[in-house]
Amino acid sequence: MLPPSLPFNQDGADFTFIDLFAGIGGIRQAFEGIGGRCVFTSEWDSYAQKTYAENYNRDQHALNGDITQVNAGDVPNHDVLLAGFPCQPFSIAGVSKKNALGRAHGFQDETQGTLFFDVARIIDEKRPRAFLLENVKNLLSHDKGRTFDVIRRTLSEELGYHIHCKVIDGAHFTPQHRERILIVGFREPVAFDWDALSLPPKGNIRLGEILHRTDGSEPLLPWDGDRFFDYEACKVQDKYTLTPKLWAYLQAYAEKHRAKGNGFGFGLVGADSVTRTLSARYYKDGSEILVYQGEDRNPRRLTPRECARLMGFPDTFRIPVSDTRAYKQFGNSVVVDVMAHTARLMHQFLVQETLEPELPLQAAMV
């Protein structure tokens, strides 16, 4: 028997949701912003858990670890499932053999061993009203499109959801090119339309809007203190400026590849720039986004606070982990404004009174 959706307006919330592969809560921020209440969180990385707990310590539920160890039946009923699941290779070998043996090869077989399987088994068990899945743009082309085809068939044909997919560049909202695929699904057919999403033109927001201000107007954040910015000297802390050795290495590396006709190398940016994609490896050398500091000074990395701003997190967001961990966390996160616009587009279909709770299969067949 398939469970019905939870009723709305629990504790004043419009709807309930769960946050899987939660990272540091970027998708959660968006759905709380439209009136949702989180009832379950799963994130396996202990450092991301620390950041998440620091910023969402009002939770009344425990922060769960490895989702592969969670029984789907133990997940609370919810209206919306959110998941920024990692992209892993899908093994589709053996399907023809299973056909020959007369064995089923639905998502249990095709996605077993991948983290998408855990998303699918929870959707199958709990039958939420809707879901939002986020992944890298390359999911579409991975394994010549076969990976995405397995995901699409699992969600629509195996689980019976109506899905809507769109690739959105974060550059509509922040000074960073960051293309991600969003997969929205609804249990019932609704008039959801990505074309109704109003996206500001790319490039309207430039890097200077998120950089620390050296004119004396940088906001004082007590939770940051002077960790990233020297308020007395009105400058970014010197530790973020590249050492002569590292700067010389990056220049030599770029020159070597230029000589071979390749485009590899550092990305030097200024206040009027839109940056490359911030990656989880940014902590290593910061080469994809290096801020120009003039001819007489080496460029610098972004500070973790600037990375938070680049991803759309407000300055109230706490960064309780080391710089290395913070760079990884923001590089793995989502552009909050992209999620917020998607959440607003989904909202009307999450609160419509006309959507009846799903009937048990036996009753539906009568």
# chains A, B, ... in the order shown; residues from 1 in each chain; ligands from 1

$ residues_around --residues "Gln176 (chain A)" --least-positions-apart "4" --cutoff "7 Å" --atoms "only C-alpha atoms" --output "list in words"
Gly170, Ala171, Val274, Thr275, Arg276, Thr277 and Leu310 of chain A

$ write_last_selection --atoms "N, CA and C atoms" --output "PDB file, in the first residue's frame"
ATOM      1  N   GLY A 170      24.243  29.322 -13.269  1.00  0.00           N
ATOM      2  CA  GLY A 170      24.219  30.206 -12.110  1.00  0.00           C
ATOM      3  C   GLY A 170      24.547  31.646 -12.436  1.00  0.00           C
ATOM      4  N   ALA A 171      25.129  31.890 -13.614  1.00  0.00           N
ATOM      5  CA  ALA A 171      25.506  33.250 -14.011  1.00  0.00           C
ATOM      6  C   ALA A 171      24.298  34.168 -14.170  1.00  0.00           C
ATOM      7  N   VAL A 274      32.990  37.746 -14.705  1.00  0.00           N
ATOM      8  CA  VAL A 274      32.160  36.614 -14.315  1.00  0.00           C
ATOM      9  C   VAL A 274      33.106  35.417 -14.333  1.00  0.00           C
ATOM     10  N   THR A 275      33.184  34.688 -13.254  1.00  0.00           N
ATOM     11  CA  THR A 275      34.231  33.688 -13.082  1.00  0.00           C
ATOM     12  C   THR A 275      33.899  32.344 -13.712  1.00  0.00           C
ATOM     13  N   ARG A 276      34.906  31.502 -13.745  1.00  0.00           N
ATOM     14  CA  ARG A 276      34.693  30.088 -14.050  1.00  0.00           C
ATOM     15  C   ARG A 276      33.920  29.446 -12.893  1.00  0.00           C
ATOM     16  N   THR A 277      33.621  28.166 -13.063  1.00  0.00           N
ATOM     17  CA  THR A 277      32.922  27.419 -12.019  1.00  0.00           C
ATOM     18  C   THR A 277      33.832  27.173 -10.824  1.00  0.00           C
ATOM     19  N   LEU A 310      29.600  34.024  -3.601  1.00  0.00           N
ATOM     20  CA  LEU A 310      29.585  33.605  -5.002  1.00  0.00           C
ATOM     21  C   LEU A 310      28.534  32.524  -5.241  1.00  0.00           C
TER      22      LEU A 310
END

$ residues_around --residues "Thr316 (chain A)" --least-positions-apart "4" --cutoff "10 Å" --atoms "only C-alpha atoms" --output "list in words"
Asn55, Leu221, Pro222, Trp223 and Asp224 of chain A

$ select_by_dssp --residues "region 77-313 of chain A" --states "strand (DSSP E)" --output "PyMOL selection string"
chain A and resi 80-83+130-136+162-169+179-186+229-230+235-236+268-269+290-291+300-301

$ write_last_selection --atoms "N, CA and C atoms" --output "JSON list (two decimals), in the first residue's frame"
[["chain", "number", "residue", "atom", "x", "y", "z"],
["A", 80, "VAL", "N", 7.84, 16.84, -0.31],
["A", 80, "VAL", "CA", 8.84, 17.10, -1.34],
["A", 80, "VAL", "C", 10.17, 16.44, -0.95],
["A", 81, "LEU", "N", 10.79, 15.77, -1.90],
["A", 81, "LEU", "CA", 12.11, 15.19, -1.71],
["A", 81, "LEU", "C", 13.12, 16.06, -2.47],
["A", 82, "LEU", "N", 14.17, 16.48, -1.78],
["A", 82, "LEU", "CA", 15.24, 17.28, -2.37],
["A", 82, "LEU", "C", 16.52, 16.47, -2.32],
["A", 83, "ALA", "N", 17.27, 16.45, -3.42],
["A", 83, "ALA", "CA", 18.51, 15.67, -3.44],
["A", 83, "ALA", "C", 19.48, 16.21, -4.48],
["A", 130, "ALA", "N", 6.19, 15.65, -4.74],
["A", 130, "ALA", "CA", 7.10, 16.19, -5.75],
["A", 130, "ALA", "C", 8.53, 15.96, -5.31],
["A", 131, "PHE", "N", 9.46, 16.15, -6.26],
["A", 131, "PHE", "CA", 10.88, 16.10, -5.93],
["A", 131, "PHE", "C", 11.65, 17.09, -6.78],
["A", 132, "LEU", "N", 12.84, 17.44, -6.30],
["A", 132, "LEU", "CA", 13.79, 18.24, -7.08],
["A", 132, "LEU", "C", 15.15, 17.57, -6.93],
["A", 133, "LEU", "N", 15.73, 17.16, -8.06],
["A", 133, "LEU", "CA", 17.05, 16.55, -8.08],
["A", 133, "LEU", "C", 18.00, 17.49, -8.84],
["A", 134, "GLU", "N", 19.23, 17.59, -8.34],
["A", 134, "GLU", "CA", 20.22, 18.49, -8.95],
["A", 134, "GLU", "C", 21.50, 17.72, -9.23],
["A", 135, "ASN", "N", 22.13, 18.03, -10.37],
["A", 135, "ASN", "CA", 23.37, 17.35, -10.72],
["A", 135, "ASN", "C", 24.14, 18.20, -11.72],
["A", 136, "VAL", "N", 25.33, 17.75, -12.05],
["A", 136, "VAL", "CA", 26.15, 18.47, -13.03],
["A", 136, "VAL", "C", 25.54, 18.32, -14.42],
["A", 162, "HIS", "N", 5.85, 12.52, -13.26],
["A", 162, "HIS", "CA", 5.89, 13.40, -14.42],
["A", 162, "HIS", "C", 7.08, 14.34, -14.24],
["A", 163, "ILE", "N", 8.10, 14.20, -15.10],
["A", 163, "ILE", "CA", 9.35, 14.92, -14.86],
["A", 163, "ILE", "C", 9.56, 16.03, -15.87],
["A", 164, "HIS", "N", 10.31, 17.05, -15.41],
["A", 164, "HIS", "CA", 10.61, 18.25, -16.19],
["A", 164, "HIS", "C", 12.08, 18.59, -15.92],
["A", 165, "CYS", "N", 12.88, 18.67, -16.97],
["A", 165, "CYS", "CA", 14.32, 18.87, -16.82],
["A", 165, "CYS", "C", 14.77, 20.18, -17.48],
["A", 166, "LYS", "N", 15.75, 20.81, -16.86],
["A", 166, "LYS", "CA", 16.29, 22.04, -17.44],
["A", 166, "LYS", "C", 17.71, 22.25, -16.93],
["A", 167, "VAL", "N", 18.60, 22.70, -17.81],
["A", 167, "VAL", "CA", 19.95, 23.11, -17.42],
["A", 167, "VAL", "C", 19.93, 24.62, -17.19],
["A", 168, "ILE", "N", 20.39, 25.05, -16.02],
["A", 168, "ILE", "CA", 20.40, 26.47, -15.68],
["A", 168, "ILE", "C", 21.81, 26.88, -15.28],
["A", 169, "ASP", "N", 22.24, 28.02, -15.78],
["A", 169, "ASP", "CA", 23.56, 28.56, -15.46],
["A", 169, "ASP", "C", 23.43, 29.52, -14.28],
["A", 179, "GLU", "N", 26.78, 25.65, -14.71],
["A", 179, "GLU", "CA", 25.63, 25.00, -15.33],
["A", 179, "GLU", "C", 25.30, 23.70, -14.60],
["A", 180, "ARG", "N", 24.05, 23.58, -14.21],
["A", 180, "ARG", "CA", 23.59, 22.39, -13.51],
["A", 180, "ARG", "C", 22.25, 21.96, -14.08],
["A", 181, "ILE", "N", 22.02, 20.64, -14.09],
["A", 181, "ILE", "CA", 20.71, 20.13, -14.52],
["A", 181, "ILE", "C", 19.81, 19.98, -13.32],
["A", 182, "LEU", "N", 18.57, 20.45, -13.47],
["A", 182, "LEU", "CA", 17.56, 20.30, -12.44],
["A", 182, "LEU", "C", 16.46, 19.39, -12.98],
["A", 183, "ILE", "N", 16.08, 18.41, -12.19],
["A", 183, "ILE", "CA", 15.01, 17.48, -12.56],
["A", 183, "ILE", "C", 13.89, 17.64, -11.55],
["A", 184, "VAL", "N", 12.79, 18.19, -12.01],
["A", 184, "VAL", "CA", 11.61, 18.37, -11.16],
["A", 184, "VAL", "C", 10.61, 17.28, -11.52],
["A", 185, "GLY", "N", 10.03, 16.67, -10.51],
["A", 185, "GLY", "CA", 9.04, 15.62, -10.75],
["A", 185, "GLY", "C", 7.81, 15.82, -9.88],
["A", 186, "PHE", "N", 6.65, 15.50, -10.44],
["A", 186, "PHE", "CA", 5.39, 15.56, -9.69],
["A", 186, "PHE", "C", 4.68, 14.23, -9.80],
["A", 229, "PHE", "N", 39.16, 39.00, 6.71],
["A", 229, "PHE", "CA", 39.35, 40.39, 6.35],
["A", 229, "PHE", "C", 39.95, 41.17, 7.51],
["A", 230, "ASP", "N", 40.96, 41.98, 7.22],
["A", 230, "ASP", "CA", 41.61, 42.84, 8.21],
["A", 230, "ASP", "C", 40.87, 44.18, 8.20],
["A", 235, "LYS", "N", 41.67, 45.50, 4.29],
["A", 235, "LYS", "CA", 42.17, 44.66, 3.21],
["A", 235, "LYS", "C", 41.94, 43.19, 3.54],
["A", 236, "VAL", "N", 41.93, 42.38, 2.48],
["A", 236, "VAL", "CA", 41.84, 40.93, 2.66],
["A", 236, "VAL", "C", 43.11, 40.44, 3.34],
["A", 268, "LEU", "N", 42.44, 34.54, -14.29],
["A", 268, "LEU", "CA", 42.65, 35.81, -13.59],
["A", 268, "LEU", "C", 41.43, 36.70, -13.78],
["A", 269, "VAL", "N", 40.86, 37.18, -12.69],
["A", 269, "VAL", "CA", 39.61, 37.93, -12.75],
["A", 269, "VAL", "C", 39.72, 39.25, -12.00],
["A", 290, "LEU", "N", 41.40, 33.51, -9.71],
["A", 290, "LEU", "CA", 42.44, 34.28, -9.02],
["A", 290, "LEU", "C", 42.13, 35.77, -9.19],
["A", 291, "VAL", "N", 42.05, 36.48, -8.09],
["A", 291, "VAL", "CA", 41.68, 37.89, -8.11],
["A", 291, "VAL", "C", 42.92, 38.75, -8.35],
["A", 300, "ARG", "N", 45.33, 36.78, -5.69],
["A", 300, "ARG", "CA", 44.91, 36.06, -4.48],
["A", 300, "ARG", "C", 43.74, 35.13, -4.77],
["A", 301, "ARG", "N", 43.57, 34.18, -3.87],
["A", 301, "ARG", "CA", 42.37, 33.35, -3.89],
["A", 301, "ARG", "C", 41.19, 34.17, -3.37]]

$ select_by_dssp --residues "region 168-277 of chain A" --states "alpha helix (DSSP H)" --output "JSON, numbers by chain"
{"A": [244, 245, 246, 247, 248, 249, 250, 251, 252, 253, 254, 255, 256, 257, 258, 259]}

$ write_last_selection --atoms "C-alpha atoms" --output "PDB file, in the first residue's frame"
ATOM      1  CA  PRO A 244      55.866  33.807  -5.277  1.00  0.00           C
ATOM      2  CA  LYS A 245      56.608  30.102  -5.732  1.00  0.00           C
ATOM      3  CA  LEU A 246      52.974  29.129  -6.406  1.00  0.00           C
ATOM      4  CA  TRP A 247      52.363  32.097  -8.703  1.00  0.00           C
ATOM      5  CA  ALA A 248      55.495  31.292 -10.713  1.00  0.00           C
ATOM      6  CA  TYR A 249      54.386  27.655 -11.008  1.00  0.00           C
ATOM      7  CA  LEU A 250      50.900  28.577 -12.249  1.00  0.00           C
ATOM      8  CA  GLN A 251      52.294  30.972 -14.843  1.00  0.00           C
ATOM      9  CA  ALA A 252      54.789  28.373 -16.093  1.00  0.00           C
ATOM     10  CA  TYR A 253      52.052  25.728 -16.245  1.00  0.00           C
ATOM     11  CA  ALA A 254      49.792  28.014 -18.284  1.00  0.00           C
ATOM     12  CA  GLU A 255      52.619  28.949 -20.642  1.00  0.00           C
ATOM     13  CA  LYS A 256      53.520  25.300 -21.220  1.00  0.00           C
ATOM     14  CA  HIS A 257      49.961  24.497 -22.281  1.00  0.00           C
ATOM     15  CA  ARG A 258      49.647  27.640 -24.399  1.00  0.00           C
ATOM     16  CA  ALA A 259      52.709  26.497 -26.315  1.00  0.00           C
TER      17      ALA A 259
END

$ residues_around --residues "His212 (chain A)" --least-positions-apart "5" --cutoff "12 Å" --atoms "only C-alpha atoms" --output "list in words"
Leu207, Ser217, Glu218, Pro219, Leu220, Leu221, Phe228, Phe229, Asp230, Tyr231, Cys234, Lys235, Val236, Gln237, Ala271, Val291, Arg301, Leu302, Thr303, Pro304, Arg305, Glu306, Cys307, Ala308, Arg309, Leu310 and Asp315 of chain A

$ write_last_selection --atoms "N, CA and C atoms" --output "compact mmCIF listing (two decimals), in the first residue's frame"
# COMPACT_ATOMS: atom_id res chain seq x y z
N LEU A 207 31.77 40.34 -10.40
CA LEU A 207 32.51 39.85 -9.24
C LEU A 207 32.67 40.91 -8.15
N SER A 217 33.67 49.97 3.81
CA SER A 217 32.25 49.63 3.93
C SER A 217 32.00 48.13 4.09
N GLU A 218 33.06 47.33 4.24
CA GLU A 218 32.87 45.88 4.43
C GLU A 218 32.09 45.64 5.72
N PRO A 219 30.96 44.91 5.63
CA PRO A 219 30.16 44.67 6.84
C PRO A 219 30.92 43.86 7.87
N LEU A 220 30.81 44.26 9.12
CA LEU A 220 31.48 43.55 10.21
C LEU A 220 30.63 42.34 10.60
N LEU A 221 31.20 41.16 10.46
CA LEU A 221 30.50 39.92 10.79
C LEU A 221 31.14 39.33 12.03
N PHE A 228 38.96 36.44 7.71
CA PHE A 228 39.11 36.62 6.27
C PHE A 228 39.54 38.03 5.89
N PHE A 229 39.16 39.00 6.71
CA PHE A 229 39.35 40.39 6.35
C PHE A 229 39.95 41.17 7.51
N ASP A 230 40.96 41.98 7.22
CA ASP A 230 41.61 42.84 8.21
C ASP A 230 40.87 44.18 8.20
N TYR A 231 39.98 44.36 9.18
CA TYR A 231 39.15 45.57 9.21
C TYR A 231 39.97 46.81 9.52
N CYS A 234 41.67 47.54 6.32
CA CYS A 234 40.72 47.52 5.20
C CYS A 234 41.27 46.71 4.02
N LYS A 235 41.67 45.50 4.29
CA LYS A 235 42.17 44.66 3.21
C LYS A 235 41.94 43.19 3.54
N VAL A 236 41.93 42.38 2.48
CA VAL A 236 41.84 40.93 2.66
C VAL A 236 43.11 40.44 3.34
N GLN A 237 42.95 39.46 4.20
CA GLN A 237 44.12 38.93 4.92
C GLN A 237 45.18 38.45 3.94
N ALA A 271 37.11 42.98 -10.86
CA ALA A 271 35.80 43.37 -10.35
C ALA A 271 34.69 43.26 -11.40
N VAL A 291 42.05 36.48 -8.09
CA VAL A 291 41.68 37.89 -8.11
C VAL A 291 42.92 38.75 -8.35
N ARG A 301 43.57 34.18 -3.87
CA ARG A 301 42.37 33.35 -3.89
C ARG A 301 41.19 34.17 -3.37
N LEU A 302 40.00 33.71 -3.70
CA LEU A 302 38.83 34.17 -2.98
C LEU A 302 38.92 33.69 -1.54
N THR A 303 38.37 34.45 -0.60
CA THR A 303 38.26 33.95 0.76
C THR A 303 37.03 33.04 0.85
N PRO A 304 36.94 32.18 1.86
CA PRO A 304 35.72 31.38 2.00
C PRO A 304 34.45 32.23 2.09
N ARG A 305 34.51 33.40 2.71
CA ARG A 305 33.32 34.25 2.75
C ARG A 305 32.93 34.70 1.34
N GLU A 306 33.90 35.04 0.53
CA GLU A 306 33.60 35.42 -0.85
C GLU A 306 33.06 34.23 -1.64
N CYS A 307 33.55 33.03 -1.36
CA CYS A 307 33.00 31.83 -2.01
C CYS A 307 31.54 31.64 -1.61
N ALA A 308 31.23 31.88 -0.34
CA ALA A 308 29.84 31.78 0.11
C ALA A 308 28.96 32.76 -0.66
N ARG A 309 29.44 33.99 -0.83
CA ARG A 309 28.67 34.99 -1.58
C ARG A 309 28.54 34.60 -3.04
N LEU A 310 29.60 34.02 -3.60
CA LEU A 310 29.58 33.60 -5.00
C LEU A 310 28.53 32.52 -5.24
N ASP A 315 25.40 36.61 4.21
CA ASP A 315 26.51 36.80 5.14
C ASP A 315 26.21 36.28 6.54

$ residues_around --residues "Cys38 (chain A)" --least-positions-apart "4" --cutoff "12 Å" --atoms "only C-alpha atoms" --output "mmCIF file with N, CA and C atoms, in the first residue's frame"
data_model
loop_
_atom_site.group_PDB
_atom_site.id
_atom_site.type_symbol
_atom_site.label_atom_id
_atom_site.label_comp_id
_atom_site.auth_asym_id
_atom_site.auth_seq_id
_atom_site.Cartn_x
_atom_site.Cartn_y
_atom_site.Cartn_z
ATOM 1 N N GLN A 10 1.513 21.821 8.767
ATOM 2 C CA GLN A 10 2.009 21.271 10.018
ATOM 3 C C GLN A 10 2.932 22.295 10.656
ATOM 4 N N ASP A 11 2.597 22.701 11.877
ATOM 5 C CA ASP A 11 3.377 23.704 12.600
ATOM 6 C C ASP A 11 3.538 24.975 11.777
ATOM 7 N N ALA A 13 3.771 25.287 8.571
ATOM 8 C CA ALA A 13 4.478 25.134 7.303
ATOM 9 C C ALA A 13 3.498 24.859 6.173
ATOM 10 N N ASP A 14 3.833 25.348 4.978
ATOM 11 C CA ASP A 14 3.010 25.059 3.802
ATOM 12 C C ASP A 14 3.138 23.603 3.380
ATOM 13 N N PHE A 15 4.336 23.051 3.562
ATOM 14 C CA PHE A 15 4.597 21.675 3.141
ATOM 15 C C PHE A 15 5.842 21.184 3.881
ATOM 16 N N THR A 16 6.068 19.887 3.830
ATOM 17 C CA THR A 16 7.257 19.299 4.452
ATOM 18 C C THR A 16 8.187 18.775 3.372
ATOM 19 N N PHE A 17 9.470 18.706 3.699
ATOM 20 C CA PHE A 17 10.434 18.179 2.728
ATOM 21 C C PHE A 17 11.562 17.469 3.447
ATOM 22 N N ILE A 18 12.287 16.636 2.687
ATOM 23 C CA ILE A 18 13.499 16.003 3.211
ATOM 24 C C ILE A 18 14.679 16.456 2.368
ATOM 25 N N ASP A 19 15.855 16.478 2.977
ATOM 26 C CA ASP A 19 17.066 17.026 2.367
ATOM 27 C C ASP A 19 18.108 15.911 2.295
ATOM 28 N N LEU A 20 18.256 15.292 1.116
ATOM 29 C CA LEU A 20 19.192 14.191 0.939
ATOM 30 C C LEU A 20 20.466 14.682 0.256
ATOM 31 N N ALA A 22 22.674 16.429 1.561
ATOM 32 C CA ALA A 22 22.322 17.807 1.895
ATOM 33 C C ALA A 22 23.477 18.784 1.766
ATOM 34 N N GLY A 25 23.351 22.629 2.851
ATOM 35 C CA GLY A 25 21.974 23.105 2.949
ATOM 36 C C GLY A 25 21.551 24.164 1.954
ATOM 37 N N ILE A 27 20.044 23.854 -1.018
ATOM 38 C CA ILE A 27 18.695 23.631 -1.540
ATOM 39 C C ILE A 27 17.669 23.847 -0.429
ATOM 40 N N ARG A 28 18.019 23.445 0.763
ATOM 41 C CA ARG A 28 17.122 23.630 1.902
ATOM 42 C C ARG A 28 16.761 25.101 2.089
ATOM 43 N N GLN A 29 17.768 25.982 1.999
ATOM 44 C CA GLN A 29 17.513 27.412 2.177
ATOM 45 C C GLN A 29 16.395 27.885 1.266
ATOM 46 N N ALA A 30 16.427 27.420 0.017
ATOM 47 C CA ALA A 30 15.438 27.853 -0.961
ATOM 48 C C ALA A 30 14.039 27.391 -0.586
ATOM 49 N N PHE A 31 13.899 26.160 -0.132
ATOM 50 C CA PHE A 31 12.566 25.620 0.143
ATOM 51 C C PHE A 31 12.038 26.049 1.504
ATOM 52 N N GLU A 32 12.900 26.367 2.421
ATOM 53 C CA GLU A 32 12.430 27.014 3.643
ATOM 54 C C GLU A 32 11.940 28.423 3.332
ATOM 55 N N GLY A 33 12.568 29.040 2.351
ATOM 56 C CA GLY A 33 12.205 30.400 1.987
ATOM 57 C C GLY A 33 10.809 30.527 1.410
ATOM 58 N N ILE A 34 10.217 29.422 0.922
ATOM 59 C CA ILE A 34 8.850 29.475 0.392
ATOM 60 C C ILE A 34 7.859 28.801 1.336
ATOM 61 N N SER A 42 19.993 14.051 5.469
ATOM 62 C CA SER A 42 21.055 13.056 5.361
ATOM 63 C C SER A 42 22.259 13.674 4.660
ATOM 64 N N TYR A 56 21.680 25.266 10.840
ATOM 65 C CA TYR A 56 20.302 24.792 10.967
ATOM 66 C C TYR A 56 20.105 24.090 12.299
ATOM 67 N N ASN A 57 20.607 24.695 13.364
ATOM 68 C CA ASN A 57 20.559 24.043 14.672
ATOM 69 C C ASN A 57 19.171 24.083 15.305
ATOM 70 N N ARG A 58 18.193 24.680 14.604
ATOM 71 C CA ARG A 58 16.828 24.693 15.118
ATOM 72 C C ARG A 58 16.097 23.400 14.823
ATOM 73 N N ASP A 59 16.745 22.491 14.086
ATOM 74 C CA ASP A 59 16.089 21.232 13.724
ATOM 75 C C ASP A 59 15.631 20.455 14.958
ATOM 76 N N GLN A 60 14.506 19.824 14.800
ATOM 77 C CA GLN A 60 14.020 18.926 15.836
ATOM 78 C C GLN A 60 14.339 17.477 15.495
ATOM 79 N N HIS A 61 15.006 17.243 14.361
ATOM 80 C CA HIS A 61 15.352 15.880 13.977
ATOM 81 C C HIS A 61 16.870 15.718 13.920
ATOM 82 N N ALA A 62 17.303 14.488 14.106
ATOM 83 C CA ALA A 62 18.734 14.195 14.069
ATOM 84 C C ALA A 62 19.253 14.329 12.650
ATOM 85 N N LEU A 63 20.544 14.644 12.524
ATOM 86 C CA LEU A 63 21.180 14.721 11.217
ATOM 87 C C LEU A 63 21.726 13.334 10.887
ATOM 88 N N VAL A 75 12.263 6.790 6.969
ATOM 89 C CA VAL A 75 12.236 8.193 6.556
ATOM 90 C C VAL A 75 10.822 8.729 6.790
ATOM 91 N N PRO A 76 10.669 9.874 7.426
ATOM 92 C CA PRO A 76 9.319 10.410 7.662
ATOM 93 C C PRO A 76 8.580 10.674 6.353
ATOM 94 N N ASN A 77 7.257 10.574 6.407
ATOM 95 C CA ASN A 77 6.452 10.996 5.264
ATOM 96 C C ASN A 77 6.759 12.465 4.970
ATOM 97 N N HIS A 78 6.693 12.842 3.710
ATOM 98 C CA HIS A 78 7.040 14.207 3.327
ATOM 99 C C HIS A 78 6.365 14.546 2.012
ATOM 100 N N ASP A 79 6.249 15.829 1.753
ATOM 101 C CA ASP A 79 5.623 16.283 0.514
ATOM 102 C C ASP A 79 6.619 16.430 -0.622
ATOM 103 N N VAL A 80 7.845 16.837 -0.310
ATOM 104 C CA VAL A 80 8.841 17.096 -1.341
ATOM 105 C C VAL A 80 10.167 16.442 -0.954
ATOM 106 N N LEU A 81 10.785 15.766 -1.902
ATOM 107 C CA LEU A 81 12.114 15.195 -1.706
ATOM 108 C C LEU A 81 13.116 16.059 -2.467
ATOM 109 N N LEU A 82 14.169 16.485 -1.776
ATOM 110 C CA LEU A 82 15.243 17.278 -2.373
ATOM 111 C C LEU A 82 16.524 16.470 -2.324
#

$ residues_around --residues "Lys50 (chain A)" --least-positions-apart "6" --cutoff "12 Å" --atoms "only C-alpha atoms" --output "MDAnalysis selection string"
chainID A and resid 22:25 43:44 56:57 63 65 318:322 325:326 329

$ write_last_selection --atoms "C-alpha atoms" --output "PDB file, in the first residue's frame"
ATOM      1  CA  ALA A  22      22.322  17.807   1.895  1.00  0.00           C
ATOM      2  CA  GLY A  23      25.849  19.196   1.797  1.00  0.00           C
ATOM      3  CA  ILE A  24      25.675  22.543   3.574  1.00  0.00           C
ATOM      4  CA  GLY A  25      21.974  23.105   2.949  1.00  0.00           C
ATOM      5  CA  GLU A  43      24.685  14.007   4.727  1.00  0.00           C
ATOM      6  CA  TRP A  44      27.596  11.599   5.109  1.00  0.00           C
ATOM      7  CA  TYR A  56      20.302  24.792  10.967  1.00  0.00           C
ATOM      8  CA  ASN A  57      20.559  24.043  14.672  1.00  0.00           C
ATOM      9  CA  LEU A  63      21.180  14.721  11.217  1.00  0.00           C
ATOM     10  CA  GLY A  65      24.718  10.107   7.959  1.00  0.00           C
ATOM     11  CA  ARG A 318      28.324  30.576   9.448  1.00  0.00           C
ATOM     12  CA  ILE A 319      31.595  28.963   8.328  1.00  0.00           C
ATOM     13  CA  PRO A 320      32.775  26.870  11.302  1.00  0.00           C
ATOM     14  CA  VAL A 321      35.283  24.683   9.427  1.00  0.00           C
ATOM     15  CA  SER A 322      38.815  25.255   8.146  1.00  0.00           C
ATOM     16  CA  ARG A 325      36.997  22.257   4.166  1.00  0.00           C
ATOM     17  CA  ALA A 326      35.040  25.428   3.422  1.00  0.00           C
ATOM     18  CA  GLN A 329      31.918  22.595   0.705  1.00  0.00           C
TER      19      GLN A 329
END

$ residues_around --residues "Arg344 (chain A)" --least-positions-apart "2" --cutoff "12 Å" --atoms "only C-alpha atoms" --output "CSV table (one decimal) with C-alpha atoms, in the first residue's frame"
chain,number,residue,atom,x,y,z
A,30,ALA,CA,15.4,27.9,-1.0
A,31,PHE,CA,12.6,25.6,0.1
A,32,GLU,CA,12.4,27.0,3.6
A,33,GLY,CA,12.2,30.4,2.0
A,34,ILE,CA,8.9,29.5,0.4
A,35,GLY,CA,7.3,28.1,3.6
A,36,GLY,CA,8.6,24.5,3.7
A,192,PHE,CA,4.6,23.0,-14.4
A,194,TRP,CA,10.1,25.8,-17.0
A,196,ALA,CA,7.6,30.4,-16.8
A,197,LEU,CA,10.9,30.8,-14.9
A,198,SER,CA,12.0,34.4,-15.2
A,337,ASP,CA,19.3,31.8,-6.1
A,338,VAL,CA,18.8,29.1,-8.8
A,339,MET,CA,17.2,26.9,-6.2
A,340,ALA,CA,15.1,29.7,-4.8
A,341,HIS,CA,13.6,30.6,-8.3
A,342,THR,CA,12.9,26.9,-8.9
A,346,MET,CA,7.1,24.7,-7.9
A,347,HIS,CA,5.4,26.3,-4.9
A,348,GLN,CA,1.9,26.7,-6.4
A,349,PHE,CA,1.8,23.0,-7.2
A,350,LEU,CA,2.9,22.0,-3.6
A,351,VAL,CA,0.0,23.8,-1.9

$ closest_residue --among "A:Asn204, A:Ala120, A:Phe317, A:Asp238" --to "Glu54 (chain A)" --atoms "only C-alpha atoms"
A:Phe317

$ residues_around --residues "Gly331 (chain A)" --least-positions-apart "2" --cutoff "6 Å" --atoms "only C-alpha atoms" --output "NGL selection string"
:A and (278-280 or 327-329 or 333)

$ write_last_selection --atoms "C-alpha atoms" --output "PDB file, in the first residue's frame"
ATOM      1  CA  LEU A 278      34.071  27.225  -8.416  1.00  0.00           C
ATOM      2  CA  SER A 279      35.145  23.607  -7.861  1.00  0.00           C
ATOM      3  CA  ALA A 280      35.736  21.452  -4.801  1.00  0.00           C
ATOM      4  CA  TYR A 327      36.410  25.613  -0.132  1.00  0.00           C
ATOM      5  CA  LYS A 328      35.384  21.993  -0.715  1.00  0.00           C
ATOM      6  CA  GLN A 329      31.918  22.595   0.705  1.00  0.00           C
ATOM      7  CA  SER A 333      27.210  23.294  -3.207  1.00  0.00           C
TER       8      SER A 333
END

$ atom_distance --atom1 "CA of Ser46 (chain A)" --atom2 "CA of Ile123 (chain A)"
25.2 Å

$ atom_distance --atom1 "CA of Val119 (chain A)" --atom2 "CA of Phe85 (chain A)"
8.0 Å

$ closest_residue --among "A:Gly26, A:Pro200, A:Gly312, A:Gly160" --to "Glu188 (chain A)" --atoms "only C-alpha atoms"
A:Gly160

$ atom_distance --atom1 "CA of Thr174 (chain A)" --atom2 "CA of Met311 (chain A)"
7.0 Å
